[in-house]
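J.: mmCIF, C-alpha atoms, file structure.cif:
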```cif
data_model
#
loop_
_atom_site.group_PDB
_atom_site.id
_atom_site.type_symbol
_atom_site.label_atom_id
_atom_site.label_comp_id
_atom_site.auth_asym_id
_atom_site.auth_seq_id
_atom_site.Cartn_x
_atom_site.Cartn_y
_atom_site.Cartn_z
ATOM 1 C CA MET A 1 123.445 42.272 76.115
ATOM 2 C CA ASP A 2 119.867 40.991 76.210
ATOM 3 C CA LEU A 3 117.933 39.560 73.271
ATOM 4 C CA TYR A 4 114.370 40.359 72.200
ATOM 5 C CA ILE A 5 112.640 37.866 69.892
ATOM 6 C CA SER A 6 109.197 38.308 68.348
ATOM 7 C CA ASP A 7 106.927 36.012 66.408
ATOM 8 C CA LEU A 8 105.672 37.590 63.169
ATOM 9 C CA ASP A 9 102.116 36.660 62.140
ATOM 10 C CA GLY A 10 99.580 37.684 64.746
ATOM 11 C CA THR A 11 102.275 39.286 66.912
ATOM 12 C CA LEU A 12 104.659 41.770 65.277
ATOM 13 C CA LEU A 13 102.817 42.016 61.958
ATOM 14 C CA THR A 14 99.490 43.798 61.505
ATOM 15 C CA PRO A 15 96.327 41.800 60.626
ATOM 16 C CA ASP A 16 97.065 42.336 56.920
ATOM 17 C CA ALA A 17 100.470 40.643 57.353
ATOM 18 C CA THR A 18 102.615 43.752 57.048
ATOM 19 C CA LEU A 19 105.057 45.515 59.344
ATOM 20 C CA SER A 20 103.879 49.005 60.225
ATOM 21 C CA GLU A 21 106.176 51.954 59.696
ATOM 22 C CA TYR A 22 106.005 52.705 63.425
ATOM 23 C CA SER A 23 107.217 49.192 64.314
ATOM 24 C CA ARG A 24 109.966 49.405 61.696
ATOM 25 C CA GLN A 25 111.254 52.688 63.112
ATOM 26 C CA VAL A 26 111.221 51.486 66.733
ATOM 27 C CA ILE A 27 113.026 48.246 65.908
ATOM 28 C CA ASN A 28 115.666 50.032 63.836
ATOM 29 C CA ARG A 29 116.236 52.535 66.617
ATOM 30 C CA LEU A 30 116.881 49.715 69.067
ATOM 31 C CA ILE A 31 119.190 47.898 66.666
ATOM 32 C CA ASP A 32 121.119 51.124 66.049
ATOM 33 C CA ALA A 33 121.578 51.363 69.817
ATOM 34 C CA GLY A 34 123.184 47.916 69.831
ATOM 35 C CA ILE A 35 120.256 45.974 71.279
ATOM 36 C CA GLY A 36 119.743 42.395 70.094
ATOM 37 C CA PHE A 37 116.503 41.863 68.173
ATOM 38 C CA SER A 38 115.336 38.890 66.124
ATOM 39 C CA VAL A 39 112.185 37.109 64.972
ATOM 40 C CA ALA A 40 110.994 33.508 65.223
ATOM 41 C CA THR A 41 108.415 32.429 62.678
ATOM 42 C CA ALA A 42 107.009 29.537 60.668
ATOM 43 C CA ARG A 43 107.799 31.431 57.463
ATOM 44 C CA SER A 44 110.650 30.759 55.032
ATOM 45 C CA PRO A 45 113.600 33.029 54.068
ATOM 46 C CA SER A 46 112.010 34.586 50.968
ATOM 47 C CA THR A 47 108.850 35.705 52.755
ATOM 48 C CA VAL A 48 110.705 37.019 55.802
ATOM 49 C CA GLN A 49 113.108 39.042 53.680
ATOM 50 C CA HIS A 50 110.129 40.629 51.951
ATOM 51 C CA LEU A 51 108.161 41.285 55.148
ATOM 52 C CA LEU A 52 111.138 42.796 56.986
ATOM 53 C CA GLN A 53 112.408 45.045 54.213
ATOM 54 C CA GLY A 54 113.892 48.162 55.744
ATOM 55 C CA VAL A 55 114.699 46.492 59.081
ATOM 56 C CA SER A 56 118.445 46.427 59.716
ATOM 57 C CA LEU A 57 118.603 43.035 61.434
ATOM 58 C CA THR A 58 122.025 42.058 62.750
ATOM 59 C CA VAL A 59 120.977 38.951 64.725
ATOM 60 C CA PRO A 60 120.042 35.839 62.704
ATOM 61 C CA VAL A 61 116.353 34.934 62.552
ATOM 62 C CA ILE A 62 114.548 31.684 63.369
ATOM 63 C CA LEU A 63 112.525 30.300 60.447
ATOM 64 C CA MET A 64 110.184 27.360 59.774
ATOM 65 C CA ASN A 65 109.473 27.021 63.503
ATOM 66 C CA GLY A 66 113.146 26.413 64.264
ATOM 67 C CA ALA A 67 114.107 24.137 61.362
ATOM 68 C CA CYS A 68 116.298 26.888 59.910
ATOM 69 C CA ILE A 69 118.326 29.808 61.252
ATOM 70 C CA PHE A 70 118.982 32.493 58.661
ATOM 71 C CA ASP A 71 121.386 35.429 58.619
ATOM 72 C CA VAL A 72 119.419 38.145 56.815
ATOM 73 C CA LYS A 73 122.377 40.511 56.633
ATOM 74 C CA LYS A 74 124.566 37.933 54.851
ATOM 75 C CA ASN A 75 121.647 36.230 53.039
ATOM 76 C CA ARG A 76 122.868 32.889 54.327
ATOM 77 C CA ILE A 77 121.451 29.891 56.177
ATOM 78 C CA ILE A 78 123.737 29.286 59.132
ATOM 79 C CA LYS A 79 121.998 26.267 60.654
ATOM 80 C CA SER A 80 119.315 23.778 59.630
ATOM 81 C CA GLU A 81 117.830 20.593 61.040
ATOM 82 C CA GLY A 82 117.250 17.963 58.367
ATOM 83 C CA MET A 83 115.207 14.782 58.693
ATOM 84 C CA ALA A 84 117.029 11.450 58.912
ATOM 85 C CA GLN A 85 116.303 8.796 56.287
ATOM 86 C CA ALA A 86 114.095 6.744 58.615
ATOM 87 C CA VAL A 87 112.071 9.854 59.465
ATOM 88 C CA ARG A 88 111.620 10.731 55.791
ATOM 89 C CA ARG A 89 110.407 7.241 54.917
ATOM 90 C CA LYS A 90 107.872 7.212 57.743
ATOM 91 C CA LEU A 91 106.636 10.690 56.835
ATOM 92 C CA PHE A 92 106.148 9.823 53.160
ATOM 93 C CA GLN A 93 104.230 6.664 54.084
ATOM 94 C CA ILE A 94 101.837 8.581 56.321
ATOM 95 C CA LEU A 95 101.332 11.394 53.803
ATOM 96 C CA GLN A 96 100.553 8.885 51.066
ATOM 97 C CA ARG A 97 97.972 7.096 53.211
ATOM 98 C CA HIS A 98 96.185 10.376 53.905
ATOM 99 C CA GLN A 99 96.685 11.801 50.395
ATOM 100 C CA ALA A 100 97.872 14.969 52.090
ATOM 101 C CA GLU A 101 98.251 17.967 49.786
ATOM 102 C CA GLY A 102 101.100 19.682 51.514
ATOM 103 C CA PHE A 103 104.539 21.086 50.804
ATOM 104 C CA ILE A 104 108.038 19.780 51.429
ATOM 105 C CA TYR A 105 110.817 22.316 52.095
ATOM 106 C CA THR A 106 114.383 21.318 51.295
ATOM 107 C CA ILE A 107 117.688 23.111 51.793
ATOM 108 C CA ASP A 108 120.594 22.498 49.453
ATOM 109 C CA GLN A 109 123.596 24.776 48.948
ATOM 110 C CA ASN A 110 121.990 27.637 50.889
ATOM 111 C CA LYS A 111 118.822 27.473 48.791
ATOM 112 C CA VAL A 112 115.340 26.675 50.088
ATOM 113 C CA SER A 113 113.133 24.826 47.593
ATOM 114 C CA ILE A 114 109.429 24.036 47.924
ATOM 115 C CA TRP A 115 107.872 20.892 46.407
ATOM 116 C CA TYR A 116 104.333 19.552 46.071
ATOM 117 C CA GLU A 117 102.589 16.550 44.544
ATOM 118 C CA SER A 118 99.125 17.992 43.860
ATOM 119 C CA LEU A 119 97.006 21.119 44.350
ATOM 120 C CA GLU A 120 93.435 19.875 44.423
ATOM 121 C CA THR A 121 92.139 21.608 47.549
ATOM 122 C CA PRO A 122 91.286 25.328 47.609
ATOM 123 C CA GLU A 123 93.506 25.684 50.677
ATOM 124 C CA ALA A 124 96.593 24.380 48.862
ATOM 125 C CA GLN A 125 95.879 26.523 45.808
ATOM 126 C CA GLN A 126 95.458 29.604 47.983
ATOM 127 C CA PHE A 127 98.729 28.858 49.812
ATOM 128 C CA VAL A 128 100.671 28.755 46.540
ATOM 129 C CA ALA A 129 98.935 31.712 44.912
ATOM 130 C CA GLU A 130 99.539 34.039 47.847
ATOM 131 C CA ARG A 131 103.214 33.199 48.166
ATOM 132 C CA GLU A 132 103.913 33.326 44.447
ATOM 133 C CA GLN A 133 102.119 36.623 43.876
ATOM 134 C CA ARG A 134 103.144 38.472 47.012
ATOM 135 C CA PHE A 135 106.575 37.077 47.847
ATOM 136 C CA GLY A 136 107.831 35.619 44.582
ATOM 137 C CA SER A 137 108.187 32.121 46.058
ATOM 138 C CA ASN A 138 108.786 29.252 43.637
ATOM 139 C CA PHE A 139 106.990 25.900 43.883
ATOM 140 C CA THR A 140 107.917 22.762 41.964
ATOM 141 C CA LYS A 141 105.457 19.960 41.164
ATOM 142 C CA VAL A 142 106.719 16.386 41.445
ATOM 143 C CA ARG A 143 105.042 13.058 40.823
ATOM 144 C CA ASN A 144 106.234 11.496 44.043
ATOM 145 C CA PHE A 145 108.071 12.984 47.040
ATOM 146 C CA ALA A 146 109.953 9.795 47.910
ATOM 147 C CA GLU A 147 111.312 9.299 44.399
ATOM 148 C CA THR A 148 112.153 12.918 43.592
ATOM 149 C CA LEU A 149 113.647 14.160 46.860
ATOM 150 C CA THR A 150 116.190 11.406 47.412
ATOM 151 C CA GLY A 151 119.479 12.988 48.422
ATOM 152 C CA ARG A 152 117.964 16.372 49.282
ATOM 153 C CA THR A 153 117.921 17.766 52.831
ATOM 154 C CA ILE A 154 114.292 17.845 53.957
ATOM 155 C CA VAL A 155 113.673 20.275 56.807
ATOM 156 C CA ASN A 156 109.917 20.802 56.882
ATOM 157 C CA PHE A 157 106.536 19.537 55.723
ATOM 158 C CA SER A 158 103.686 22.054 55.860
ATOM 159 C CA ILE A 159 99.998 21.747 55.081
ATOM 160 C CA THR A 160 97.043 24.061 55.593
ATOM 161 C CA ASP A 161 93.472 22.785 55.556
ATOM 162 C CA THR A 162 90.331 22.563 57.659
ATOM 163 C CA PRO A 163 90.649 20.895 61.096
ATOM 164 C CA GLU A 164 88.165 18.224 59.989
ATOM 165 C CA ARG A 165 90.510 17.091 57.204
ATOM 166 C CA LEU A 166 93.750 17.586 59.119
ATOM 167 C CA ASP A 167 92.814 15.964 62.433
ATOM 168 C CA PRO A 168 93.255 12.349 61.232
ATOM 169 C CA LEU A 169 96.673 13.176 59.764
ATOM 170 C CA TYR A 170 97.686 14.935 62.969
ATOM 171 C CA ARG A 171 96.629 11.999 65.121
ATOM 172 C CA GLU A 172 98.728 9.531 63.149
ATOM 173 C CA LEU A 173 101.785 11.785 62.971
ATOM 174 C CA SER A 174 101.620 12.576 66.685
ATOM 175 C CA GLY A 175 101.602 8.856 67.423
ATOM 176 C CA SER A 176 105.242 8.650 66.336
ATOM 177 C CA ASP A 177 108.245 9.912 68.280
ATOM 178 C CA LEU A 178 110.194 10.466 65.047
ATOM 179 C CA PHE A 179 108.727 13.913 64.380
ATOM 180 C CA ARG A 180 108.223 17.289 65.951
ATOM 181 C CA ILE A 181 104.734 18.525 65.062
ATOM 182 C CA GLU A 182 103.215 21.997 65.288
ATOM 183 C CA TYR A 183 99.428 22.141 64.890
ATOM 184 C CA TYR A 184 97.789 25.527 65.220
ATOM 185 C CA GLN A 185 95.142 27.872 63.847
ATOM 186 C CA ASP A 186 95.825 30.131 60.864
ATOM 187 C CA VAL A 187 95.600 33.666 62.301
ATOM 188 C CA TYR A 188 94.341 35.042 58.973
ATOM 189 C CA ARG A 189 91.805 32.290 58.234
ATOM 190 C CA PRO A 190 90.467 30.976 61.567
ATOM 191 C CA GLN A 191 88.534 28.206 59.822
ATOM 192 C CA GLN A 192 91.861 26.654 58.742
ATOM 193 C CA ASN A 193 94.773 25.093 60.612
ATOM 194 C CA PHE A 194 98.460 24.707 59.891
ATOM 195 C CA LEU A 195 100.152 21.361 60.463
ATOM 196 C CA GLU A 196 103.933 21.343 60.216
ATOM 197 C CA VAL A 197 106.386 18.489 60.637
ATOM 198 C CA CYS A 198 110.119 18.796 61.347
ATOM 199 C CA ALA A 199 112.916 16.768 62.864
ATOM 200 C CA VAL A 200 112.598 16.352 66.632
ATOM 201 C CA THR A 201 115.578 18.681 67.103
ATOM 202 C CA ALA A 202 113.892 21.481 65.139
ATOM 203 C CA SER A 203 111.854 23.849 67.305
ATOM 204 C CA LYS A 204 111.737 27.442 68.398
ATOM 205 C CA TYR A 205 112.961 26.186 71.781
ATOM 206 C CA HIS A 206 116.215 24.763 70.411
ATOM 207 C CA ALA A 207 116.659 27.711 68.039
ATOM 208 C CA VAL A 208 116.329 30.308 70.815
ATOM 209 C CA ARG A 209 118.904 28.435 72.878
ATOM 210 C CA TYR A 210 121.217 28.370 69.852
ATOM 211 C CA LEU A 211 120.864 32.130 69.274
ATOM 212 C CA ARG A 212 121.474 32.855 72.946
ATOM 213 C CA SER A 213 124.714 30.874 72.843
ATOM 214 C CA LEU A 214 125.769 32.194 69.423
ATOM 215 C CA GLY A 215 125.489 35.836 70.434
ATOM 216 C CA GLY A 216 126.433 35.443 74.083
ATOM 217 C CA PHE A 217 123.134 37.048 75.079
ATOM 218 C CA GLY A 218 121.994 37.357 78.667
ATOM 219 C CA LYS A 219 118.269 37.615 79.318
ATOM 220 C CA VAL A 220 115.904 36.616 76.501
ATOM 221 C CA THR A 221 112.496 38.295 76.164
ATOM 222 C CA CYS A 222 110.033 36.869 73.652
ATOM 223 C CA PHE A 223 106.685 37.921 72.188
ATOM 224 C CA GLY A 224 104.062 35.511 70.807
ATOM 225 C CA ASP A 225 100.437 34.774 70.084
ATOM 226 C CA ASN A 226 99.946 31.194 68.851
ATOM 227 C CA LEU A 227 100.541 27.606 69.951
ATOM 228 C CA ASN A 228 103.747 27.292 67.928
ATOM 229 C CA ASP A 229 105.222 30.056 70.113
ATOM 230 C CA LEU A 230 105.018 27.987 73.310
ATOM 231 C CA PRO A 231 108.392 26.274 72.724
ATOM 232 C CA MET A 232 109.941 29.746 72.388
ATOM 233 C CA PHE A 233 108.294 30.722 75.680
ATOM 234 C CA GLN A 234 109.934 27.722 77.372
ATOM 235 C CA ALA A 235 113.405 28.847 76.223
ATOM 236 C CA SER A 236 112.986 32.510 77.269
ATOM 237 C CA ASP A 237 113.410 34.355 80.560
ATOM 238 C CA ARG A 238 110.496 36.724 80.018
ATOM 239 C CA ARG A 239 107.393 35.753 78.025
ATOM 240 C CA LEU A 240 104.984 38.374 76.676
ATOM 241 C CA ALA A 241 101.722 37.593 74.880
ATOM 242 C CA VAL A 242 99.879 40.098 72.710
ATOM 243 C CA SER A 243 96.269 40.660 73.808
ATOM 244 C CA ASN A 244 94.970 38.863 70.704
ATOM 245 C CA ALA A 245 96.937 35.705 71.617
ATOM 246 C CA ARG A 246 95.406 32.277 72.102
ATOM 247 C CA PRO A 247 94.260 31.583 75.705
ATOM 248 C CA GLU A 248 96.870 28.825 76.045
ATOM 249 C CA VAL A 249 99.615 31.330 75.201
ATOM 250 C CA LYS A 250 98.308 33.953 77.609
ATOM 251 C CA GLU A 251 98.319 31.358 80.381
ATOM 252 C CA GLN A 252 102.055 30.785 79.874
ATOM 253 C CA ALA A 253 102.918 34.493 79.589
ATOM 254 C CA ASP A 254 104.428 36.657 82.302
ATOM 255 C CA SER A 255 102.514 39.677 80.984
ATOM 256 C CA ILE A 256 99.884 40.588 78.390
ATOM 257 C CA ILE A 257 100.712 43.527 76.125
ATOM 258 C CA GLY A 258 98.830 45.406 73.401
ATOM 259 C CA SER A 259 97.482 43.583 70.360
ATOM 260 C CA ASN A 260 99.035 43.341 66.911
ATOM 261 C CA THR A 261 96.357 45.772 65.695
ATOM 262 C CA GLU A 262 97.983 48.517 67.767
ATOM 263 C CA ASP A 263 101.704 47.712 67.374
ATOM 264 C CA GLY A 264 101.748 46.009 70.765
ATOM 265 C CA VAL A 265 105.302 44.675 70.497
ATOM 266 C CA ALA A 266 106.826 47.922 69.232
ATOM 267 C CA ARG A 267 104.965 50.001 71.810
ATOM 268 C CA TRP A 268 106.206 47.744 74.618
ATOM 269 C CA LEU A 269 109.771 48.096 73.305
ATOM 270 C CA GLN A 270 109.328 51.856 72.944
ATOM 271 C CA HIS A 271 108.074 52.220 76.514
ATOM 272 C CA HIS A 272 110.529 49.900 78.261
ATOM 273 C CA LEU A 273 113.694 50.525 76.260
ATOM 274 C CA ILE A 274 113.359 54.078 74.958
ATOM 275 C CA THR A 275 110.779 56.214 76.789
ATOM 276 C CA GLU A 276 111.044 54.919 80.348
ATOM 277 C CA PRO A 277 113.687 56.910 82.290
ATOM 278 C CA ALA A 278 115.552 53.752 83.305
ATOM 279 C CA GLY A 279 115.150 52.209 79.853
ATOM 280 C CA LEU A 280 118.103 50.362 78.393
ATOM 281 C CA TYR A 281 118.282 52.623 75.346
ATOM 282 C CA ARG A 282 118.463 55.770 77.463
ATOM 283 C CA LEU A 283 121.122 54.276 79.704
ATOM 284 C CA MET A 284 123.208 53.249 76.729
ATOM 285 C CA THR A 285 123.031 56.654 75.071
ATOM 286 C CA GLN A 286 123.938 58.363 78.346
ATOM 287 C CA GLN A 287 127.017 56.176 78.561
ATOM 288 C CA GLN A 288 128.246 57.068 75.076
ATOM 289 C CA PRO A 289 131.329 59.369 75.108
ATOM 290 C CA GLU A 290 130.769 62.889 73.937
ATOM 291 C CA GLN A 291 131.807 63.591 70.350
#
```
Translate the structure of the given file into structure tokens.
T.:
Amino acid sequence: MDLYISDLDGTLLTPDATLSEYSRQVINRLIDAGIGFSVATARSPSTVQHLLQGVSLTVPVILMNGACIFDVKKNRIIKSEGMAQAVRRKLFQILQRHQAEGFIYTIDQNKVSIWYESLETPEAQQFVAEREQRFGSNFTKVRNFAETLTGRTIVNFSITDTPERLDPLYRELSGSDLFRIEYYQDVYRPQQNFLEVCAVTASKYHAVRYLRSLGGFGKVTCFGDNLNDLPMFQASDRRLAVSNARPEVKEQADSIIGSNTEDGVARWLQHHLITEPAGLYRLMTQQQPEQ
């Protein structure tokens, strides 16, 4: 069986960060036919569960850019990549020097918690407000990351801000080989960037390879739009970029498909796996024994 993996924001989701009813129906039809489908995103479990309500996922999903693999059906984290003590110490030192107003994600006993030290910038306030109001996420204020999070499993640091304010932080973080860093434009607010830090073993590349092995999948086809999707492209056999994708992503793609404004991913799946005479869905249904 082959596996199809899609990024969410800017790729599978519409520009208002929702999954269209058409996409939901196509994906469920494929899953019902026994085809492997998953998503790979920077988002956390609570937001993904909300965004993918009504989708009957059977394959675990890749979250926080590969730092976490989550079984939606069982509501359980099956794999996570935590930061070693030396990595944590270095990260906290750099964040303190830059007075970075970001968020630490920890995983303990199958629960993801989100922590912050301050919310002075409009970008940080907007990040919290949107996730609390729309997805019911919970954020906890602490005086100091290093003191409070001792003993907890840290899997991700995330910050959103303007490139002018984030560039110095990015340059210092990227000068260390202790971290894996994703630095990319916010698809909903182009004037802002996301900067995310994980363990070096946490990436969409490693997570795709893990899912392939876990499910015994053959060919992997992926869909993406942003720079944080490039590691997923490297781990896949077929790479498809939506037409609204960044130029760097299109350059690495095998094909360009329709944009996220027109259900590009779902329409590609519909055409190649359902409508097309030689489509996998049609072949599978033809092979089913008569009732």
J.: Given the PyMOL selection byres ((chain A and resi 245-250) around 7) and the file above, list the residues it selects as a ChimeraX atom specification.
T.: /A:225-227,230,241-244,251-253,256
J.: Would you compute the distance between atom CA of Glu172 of chain A and atom CA of Glu117 of chain A? Give it in Å to one decimal.
T.: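 About the pair atom CA of Glu172 of chain A and atom CA of Glu117 of chain A: they are 20.3 Å apart.
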J.: So what does the PyMOL selection byres ((chain A and resi 134-141) around 12) actually pick up in this one, as number ranges by chain?
T.: A: 17-18, 43-53, 101-106, 111-119, 124-133, 142-145, 148-149
J.: Excluding same-chain residues fewer than 3 positions from Pro190 of chain A, what lies within 12 Å of it counting only C-alpha atoms, as a list of chain:residue names?
T.: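 The neighbour list is A:Gly10, A:Thr160, A:Asp161, A:Thr162, A:Pro163, A:Tyr184, A:Gln185, A:Asp186, A:Val187, A:Asn193, A:Phe194, A:Asn226, A:Arg246.
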J.: Point out the residue among A:Ile69, A:Ile5, A:Leu19, A:Val155 with the least atom-to-atom distance to Leu214 of chain A, counting all atoms listed in the file.
T.: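 Of all the options, A:Ile69 lies closest to Leu214 of chain A.
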J.: If you apply the PyMOL selection byres ((chain A and resi 6) around 7) to this file, what residues do you get, as a ChimeraX atom specification?
T.: /A:4-5,7-8,12,38-40,222-224
J.: Report, in Å with one decimal, the straight-line distance from atom CA of Ser23 of chain A to atom CA of Gly264 of chain A.
T.: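 According to the coordinates, atom CA of Ser23 of chain A and atom CA of Gly264 of chain A are separated by 9.0 Å.
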J.: Excluding Arg267 of chain A and residues on its chain fewer than 3 positions from it, collect all residues at most 12 Å away from it, counting all atoms listed in the file, and give them as a PyMOL selection string.
T.: chain A and resi 12+20+22-27+242+257-264+270-276
